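Participant: upload.cif is the file, holding mmCIF, C-alpha atoms:
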data_model
#
loop_
_atom_site.group_PDB
_atom_site.id
_atom_site.type_symbol
_atom_site.label_atom_id
_atom_site.label_comp_id
_atom_site.auth_asym_id
_atom_site.auth_seq_id
_atom_site.Cartn_x
_atom_site.Cartn_y
_atom_site.Cartn_z
ATOM 1 C CA MET A 1 -3.998 -10.846 -13.416
ATOM 2 C CA PRO A 2 -3.689 -13.308 -10.504
ATOM 3 C CA SER A 3 -4.512 -12.227 -6.989
ATOM 4 C CA PHE A 4 -3.983 -14.111 -3.755
ATOM 5 C CA MET A 5 -6.804 -15.295 -1.558
ATOM 6 C CA PRO A 6 -6.942 -17.175 1.753
ATOM 7 C CA HIS A 7 -4.579 -20.145 2.210
ATOM 8 C CA ASN A 8 -2.367 -18.961 -0.665
ATOM 9 C CA VAL A 9 -4.997 -19.750 -3.268
ATOM 10 C CA THR A 10 -4.506 -17.736 -6.449
ATOM 11 C CA LEU A 11 -7.419 -16.378 -8.398
ATOM 12 C CA ALA A 12 -7.304 -15.485 -12.086
ATOM 13 C CA ILE A 13 -10.089 -14.005 -14.183
ATOM 14 C CA GLN A 14 -9.884 -14.899 -17.832
ATOM 15 C CA ARG A 15 -12.098 -14.618 -20.897
ATOM 16 C CA GLN A 16 -13.232 -17.941 -22.300
ATOM 17 C CA ASP A 17 -11.579 -17.234 -25.650
ATOM 18 C CA GLU A 18 -8.107 -16.665 -24.167
ATOM 19 C CA ARG A 19 -5.550 -19.455 -24.351
ATOM 20 C CA GLN A 20 -5.705 -21.537 -21.193
ATOM 21 C CA GLU A 21 -3.449 -24.088 -19.616
ATOM 22 C CA ALA A 22 -5.075 -27.340 -18.508
ATOM 23 C CA LEU A 23 -6.195 -27.576 -14.897
ATOM 24 C CA ASP A 24 -6.949 -30.561 -12.638
ATOM 25 C CA ALA A 25 -10.694 -29.946 -12.704
ATOM 26 C CA VAL A 26 -13.244 -27.947 -14.639
ATOM 27 C CA VAL A 27 -16.770 -26.934 -13.704
ATOM 28 C CA ILE A 28 -19.305 -26.823 -16.499
ATOM 29 C CA PRO A 29 -23.065 -26.269 -16.559
ATOM 30 C CA ALA A 30 -25.374 -29.269 -16.822
ATOM 31 C CA THR A 31 -26.577 -30.081 -20.318
ATOM 32 C CA ASP A 32 -30.194 -29.686 -21.399
ATOM 33 C CA LYS A 33 -30.555 -33.472 -21.342
ATOM 34 C CA GLN A 34 -29.249 -33.633 -17.760
ATOM 35 C CA ARG A 35 -31.664 -30.843 -16.792
ATOM 36 C CA HIS A 36 -34.517 -32.849 -18.283
ATOM 37 C CA ASP A 37 -33.424 -36.179 -16.758
ATOM 38 C CA LEU A 38 -32.650 -34.837 -13.269
ATOM 39 C CA GLY A 39 -35.459 -32.305 -12.989
ATOM 40 C CA ARG A 40 -35.877 -29.438 -10.561
ATOM 41 C CA ALA A 41 -34.494 -31.374 -7.582
ATOM 42 C CA ALA A 42 -30.972 -31.039 -9.001
ATOM 43 C CA VAL A 43 -31.078 -27.238 -9.435
ATOM 44 C CA GLY A 44 -28.388 -25.730 -7.203
ATOM 45 C CA GLN A 45 -26.503 -29.026 -6.978
ATOM 46 C CA ALA A 46 -23.107 -30.077 -8.304
ATOM 47 C CA TRP A 47 -21.623 -33.491 -8.984
ATOM 48 C CA MET A 48 -18.382 -35.077 -10.154
ATOM 49 C CA THR A 49 -18.144 -36.814 -13.499
ATOM 50 C CA TRP A 50 -15.103 -38.475 -14.997
ATOM 51 C CA SER A 51 -13.668 -37.878 -18.419
ATOM 52 C CA SER A 52 -11.056 -39.542 -20.571
ATOM 53 C CA SER A 53 -9.995 -36.103 -21.815
ATOM 54 C CA GLU A 54 -6.274 -35.472 -21.973
ATOM 55 C CA GLU A 55 -6.821 -31.989 -20.543
ATOM 56 C CA THR A 56 -8.566 -33.043 -17.338
ATOM 57 C CA SER A 57 -10.187 -36.184 -16.026
ATOM 58 C CA LYS A 58 -12.193 -34.361 -13.335
ATOM 59 C CA THR A 59 -15.275 -32.601 -14.608
ATOM 60 C CA ILE A 60 -17.771 -31.137 -12.178
ATOM 61 C CA LYS A 61 -21.233 -30.442 -13.477
ATOM 62 C CA PHE A 62 -23.409 -27.903 -11.764
ATOM 63 C CA MET A 63 -27.019 -27.073 -12.396
ATOM 64 C CA LEU A 64 -27.799 -23.429 -11.878
ATOM 65 C CA PRO A 65 -31.330 -22.111 -12.292
ATOM 66 C CA GLN A 66 -31.995 -21.133 -15.900
ATOM 67 C CA VAL A 67 -32.859 -17.628 -14.686
ATOM 68 C CA ALA A 68 -31.849 -15.851 -11.496
ATOM 69 C CA ALA A 69 -34.440 -13.090 -11.259
ATOM 70 C CA THR A 70 -35.603 -13.661 -7.667
ATOM 71 C CA GLU A 71 -33.694 -13.686 -4.383
ATOM 72 C CA SER A 72 -34.446 -17.396 -3.991
ATOM 73 C CA GLU A 73 -33.064 -18.187 -7.450
ATOM 74 C CA TRP A 74 -29.934 -16.129 -6.710
ATOM 75 C CA ARG A 75 -29.361 -18.067 -3.459
ATOM 76 C CA THR A 76 -29.593 -21.254 -5.523
ATOM 77 C CA VAL A 77 -26.907 -19.894 -7.875
ATOM 78 C CA LEU A 78 -24.606 -19.221 -4.903
ATOM 79 C CA GLN A 79 -25.305 -22.707 -3.546
ATOM 80 C CA GLY A 80 -24.327 -24.251 -6.893
ATOM 81 C CA TYR A 81 -20.986 -22.416 -6.849
ATOM 82 C CA ARG A 82 -20.273 -23.435 -3.237
ATOM 83 C CA PHE A 83 -21.057 -27.089 -3.983
ATOM 84 C CA ALA A 84 -18.907 -27.135 -7.142
ATOM 85 C CA ILE A 85 -15.879 -25.752 -5.264
ATOM 86 C CA ARG A 86 -16.367 -28.190 -2.370
ATOM 87 C CA ILE A 87 -16.634 -31.182 -4.694
ATOM 88 C CA ALA A 88 -13.445 -30.240 -6.544
ATOM 89 C CA ASP A 89 -11.609 -29.917 -3.239
ATOM 90 C CA ARG A 90 -12.991 -33.219 -1.918
ATOM 91 C CA HIS A 91 -11.652 -34.921 -5.031
ATOM 92 C CA GLU A 92 -8.239 -33.361 -4.358
ATOM 93 C CA ALA A 93 -8.129 -31.073 -7.367
ATOM 94 C CA THR A 94 -5.368 -28.501 -6.989
ATOM 95 C CA ALA A 95 -6.502 -26.184 -9.790
ATOM 96 C CA LEU A 96 -10.073 -25.421 -10.817
ATOM 97 C CA SER A 97 -11.685 -23.666 -13.764
ATOM 98 C CA LEU A 98 -15.068 -22.142 -12.864
ATOM 99 C CA PRO A 99 -17.415 -20.301 -15.249
ATOM 100 C CA LEU A 100 -18.804 -16.951 -14.155
ATOM 101 C CA PRO A 101 -22.606 -16.553 -14.466
ATOM 102 C CA GLU A 102 -22.741 -15.249 -18.044
ATOM 103 C CA GLN A 103 -20.338 -17.955 -19.191
ATOM 104 C CA ALA A 104 -22.656 -20.457 -17.437
ATOM 105 C CA GLY A 105 -25.642 -19.188 -19.448
ATOM 106 C CA LEU A 106 -27.251 -16.699 -17.056
ATOM 107 C CA ASP A 107 -28.076 -13.086 -17.837
ATOM 108 C CA SER A 108 -25.503 -10.441 -16.988
ATOM 109 C CA ARG A 109 -25.113 -9.603 -13.323
ATOM 110 C CA GLU A 110 -25.253 -6.218 -11.716
ATOM 111 C CA LYS A 111 -22.234 -5.151 -9.698
ATOM 112 C CA GLU A 112 -23.984 -5.884 -6.384
ATOM 113 C CA GLN A 113 -24.815 -9.479 -7.379
ATOM 114 C CA ALA A 114 -21.347 -9.975 -8.846
ATOM 115 C CA SER A 115 -19.858 -8.764 -5.560
ATOM 116 C CA VAL A 116 -21.988 -11.233 -3.582
ATOM 117 C CA LEU A 117 -20.859 -14.089 -5.826
ATOM 118 C CA TYR A 118 -17.218 -13.037 -5.625
ATOM 119 C CA ARG A 119 -17.394 -12.911 -1.810
ATOM 120 C CA CYS A 120 -19.119 -16.306 -1.803
ATOM 121 C CA ILE A 121 -16.196 -17.752 -3.783
ATOM 122 C CA LEU A 122 -13.691 -16.104 -1.414
ATOM 123 C CA GLU A 123 -15.489 -17.485 1.652
ATOM 124 C CA GLN A 124 -15.580 -20.961 0.165
ATOM 125 C CA CYS A 125 -11.848 -20.749 -0.576
ATOM 126 C CA GLN A 126 -11.149 -20.241 3.126
ATOM 127 C CA GLU A 127 -12.246 -23.842 3.699
ATOM 128 C CA LEU A 128 -10.118 -25.482 0.989
ATOM 129 C CA ASN A 129 -7.571 -28.210 1.625
ATOM 130 C CA HIS A 130 -6.301 -28.972 -1.877
ATOM 131 C CA ILE A 131 -7.220 -26.270 -4.405
ATOM 132 C CA ARG A 132 -4.472 -23.679 -4.854
ATOM 133 C CA HIS A 133 -5.562 -22.021 -8.090
ATOM 134 C CA VAL A 134 -9.035 -20.935 -9.225
ATOM 135 C CA ARG A 135 -9.591 -19.632 -12.746
ATOM 136 C CA LEU A 136 -12.862 -17.744 -13.200
ATOM 137 C CA LEU A 137 -13.954 -17.830 -16.839
ATOM 138 C CA ALA A 138 -15.767 -14.792 -18.185
ATOM 139 C CA ARG A 139 -17.907 -14.824 -21.331
ATOM 140 C CA ASP A 140 -16.563 -11.505 -22.605
ATOM 141 C CA GLU A 141 -14.411 -8.487 -21.774
ATOM 142 C CA ARG A 142 -17.247 -6.733 -19.897
ATOM 143 C CA GLU A 143 -17.785 -9.653 -17.506
ATOM 144 C CA ALA A 144 -14.017 -10.043 -17.031
ATOM 145 C CA ALA A 145 -13.670 -6.318 -16.224
ATOM 146 C CA LEU A 146 -16.549 -6.455 -13.727
ATOM 147 C CA TYR A 147 -14.936 -9.252 -11.702
ATOM 148 C CA THR A 148 -11.414 -7.868 -12.075
ATOM 149 C CA GLY A 149 -12.696 -4.611 -10.563
ATOM 150 C CA LEU A 150 -14.171 -6.556 -7.658
ATOM 151 C CA THR A 151 -10.857 -8.341 -7.119
ATOM 152 C CA THR A 152 -8.965 -5.086 -6.701
ATOM 153 C CA GLY A 153 -11.750 -3.620 -4.551
ATOM 154 C CA VAL A 154 -11.759 -6.562 -2.136
ATOM 155 C CA GLN A 155 -7.956 -6.552 -1.892
ATOM 156 C CA GLY A 156 -8.073 -2.851 -0.985
ATOM 157 C CA GLU A 157 -10.699 -3.505 1.726
ATOM 158 C CA ASP A 158 -8.654 -6.377 3.167
ATOM 159 C CA GLN A 159 -5.535 -4.222 3.381
ATOM 160 C CA ALA A 160 -7.369 -1.343 5.087
#
Any chance you could give the structure as structure tokens?
Facilitator:
Amino acid sequence: MPSFMPHNVTLAIQRQDERQEALDAVVIPATDKQRHDLGRAAVGQAWMTWSSSEETSKTIKFMLPQVAATESEWRTVLQGYRFAIRIADRHEATALSLPLPEQAGLDSREKEQASVLYRCILEQCQELNHIRHVRLLARDEREAALYTGLTTGVQGEDQA
């Protein structure tokens, strides 16, 4: 179910296995080889790569920590999401697919951490110039329900 965010950006939460229309840009986690080659300095960073794929030519890689058990690691996760969104916007993507933490390979999030991430995404969307649609990809129904619940909760707070 789409919801509207700042600057008329729409947000949709979708399970990975649901049929999806192609978007201008996708964000995907760094591969194990990229983790090895780039090392710890790249954790929390995001970068643009180009693809000859018919679905999208703009692929943004981001390297989240492999675990997010500490406050410092969680801040690095948030930084990775902010950078990925900024890079997509700088490259004039109008629609972006972004994996939620479990889809990106992290352990499941508690509601408080999920809320912090959701607010981080909302705040970053206030600074966008080009992106008008963000699709958050959930690994499963539970993760999708968690973020869908946050979407309706934030909308209710904003209207109050």
Participant: List, as a PDB file with C-alpha atoms, in the frame of the given file, every residue that the PyMOL selection byres ((chain A and resi 138) around 10) selects in the file provided.
Facilitator:
ATOM      1  CA  ILE A  13     -10.089 -14.005 -14.183  1.00  0.00           C
ATOM      2  CA  GLN A  14      -9.884 -14.899 -17.832  1.00  0.00           C
ATOM      3  CA  ARG A  15     -12.098 -14.618 -20.897  1.00  0.00           C
ATOM      4  CA  GLN A  16     -13.232 -17.941 -22.300  1.00  0.00           C
ATOM      5  CA  ASP A  17     -11.579 -17.234 -25.650  1.00  0.00           C
ATOM      6  CA  GLU A  18      -8.107 -16.665 -24.167  1.00  0.00           C
ATOM      7  CA  LEU A  98     -15.068 -22.142 -12.864  1.00  0.00           C
ATOM      8  CA  PRO A  99     -17.415 -20.301 -15.249  1.00  0.00           C
ATOM      9  CA  LEU A 100     -18.804 -16.951 -14.155  1.00  0.00           C
ATOM     10  CA  PRO A 101     -22.606 -16.553 -14.466  1.00  0.00           C
ATOM     11  CA  GLU A 102     -22.741 -15.249 -18.044  1.00  0.00           C
ATOM     12  CA  GLN A 103     -20.338 -17.955 -19.191  1.00  0.00           C
ATOM     13  CA  ALA A 104     -22.656 -20.457 -17.437  1.00  0.00           C
ATOM     14  CA  ARG A 135      -9.591 -19.632 -12.746  1.00  0.00           C
ATOM     15  CA  LEU A 136     -12.862 -17.744 -13.200  1.00  0.00           C
ATOM     16  CA  LEU A 137     -13.954 -17.830 -16.839  1.00  0.00           C
ATOM     17  CA  ARG A 139     -17.907 -14.824 -21.331  1.00  0.00           C
ATOM     18  CA  ASP A 140     -16.563 -11.505 -22.605  1.00  0.00           C
ATOM     19  CA  GLU A 141     -14.411  -8.487 -21.774  1.00  0.00           C
ATOM     20  CA  ARG A 142     -17.247  -6.733 -19.897  1.00  0.00           C
ATOM     21  CA  GLU A 143     -17.785  -9.653 -17.506  1.00  0.00           C
ATOM     22  CA  ALA A 144     -14.017 -10.043 -17.031  1.00  0.00           C
ATOM     23  CA  ALA A 145     -13.670  -6.318 -16.224  1.00  0.00           C
ATOM     24  CA  LEU A 146     -16.549  -6.455 -13.727  1.00  0.00           C
ATOM     25  CA  TYR A 147     -14.936  -9.252 -11.702  1.00  0.00           C
TER      26      TYR A 147
END
Participant: Could you expand the PyMOL selection byres ((chain A and resi 63-69) around 6) into the explicit residues it covers here, written as a PyMOL selection string?
Facilitator: chain A and resi 29-30+43-45+62+70+73-74+77
Participant: In the coordinates of the file, take the point (-2.7, -22.2, -17.7) and a cut-off of 12 Å; then, counting all atoms listed in the file, name each qualifying protein, DNA or RNA residue as a VMD selection string.
Facilitator: chain A and resid 2 11 to 14 18 to 24 55 95 to 97 133 to 136
Participant: Can you measure atom CA of A:Glu127 to atom CA of A:Arg109 for me? One decimal in Å is fine.
Facilitator: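 These atoms are spaced 25.7 Å apart.
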Participant: Could you list, as a ChimeraX atom specification, every residue matched by the PyMOL selection byres ((chain A and resi 115) around 12) in this structure?
Facilitator: /A:78,100,109-114,116-122,146-154
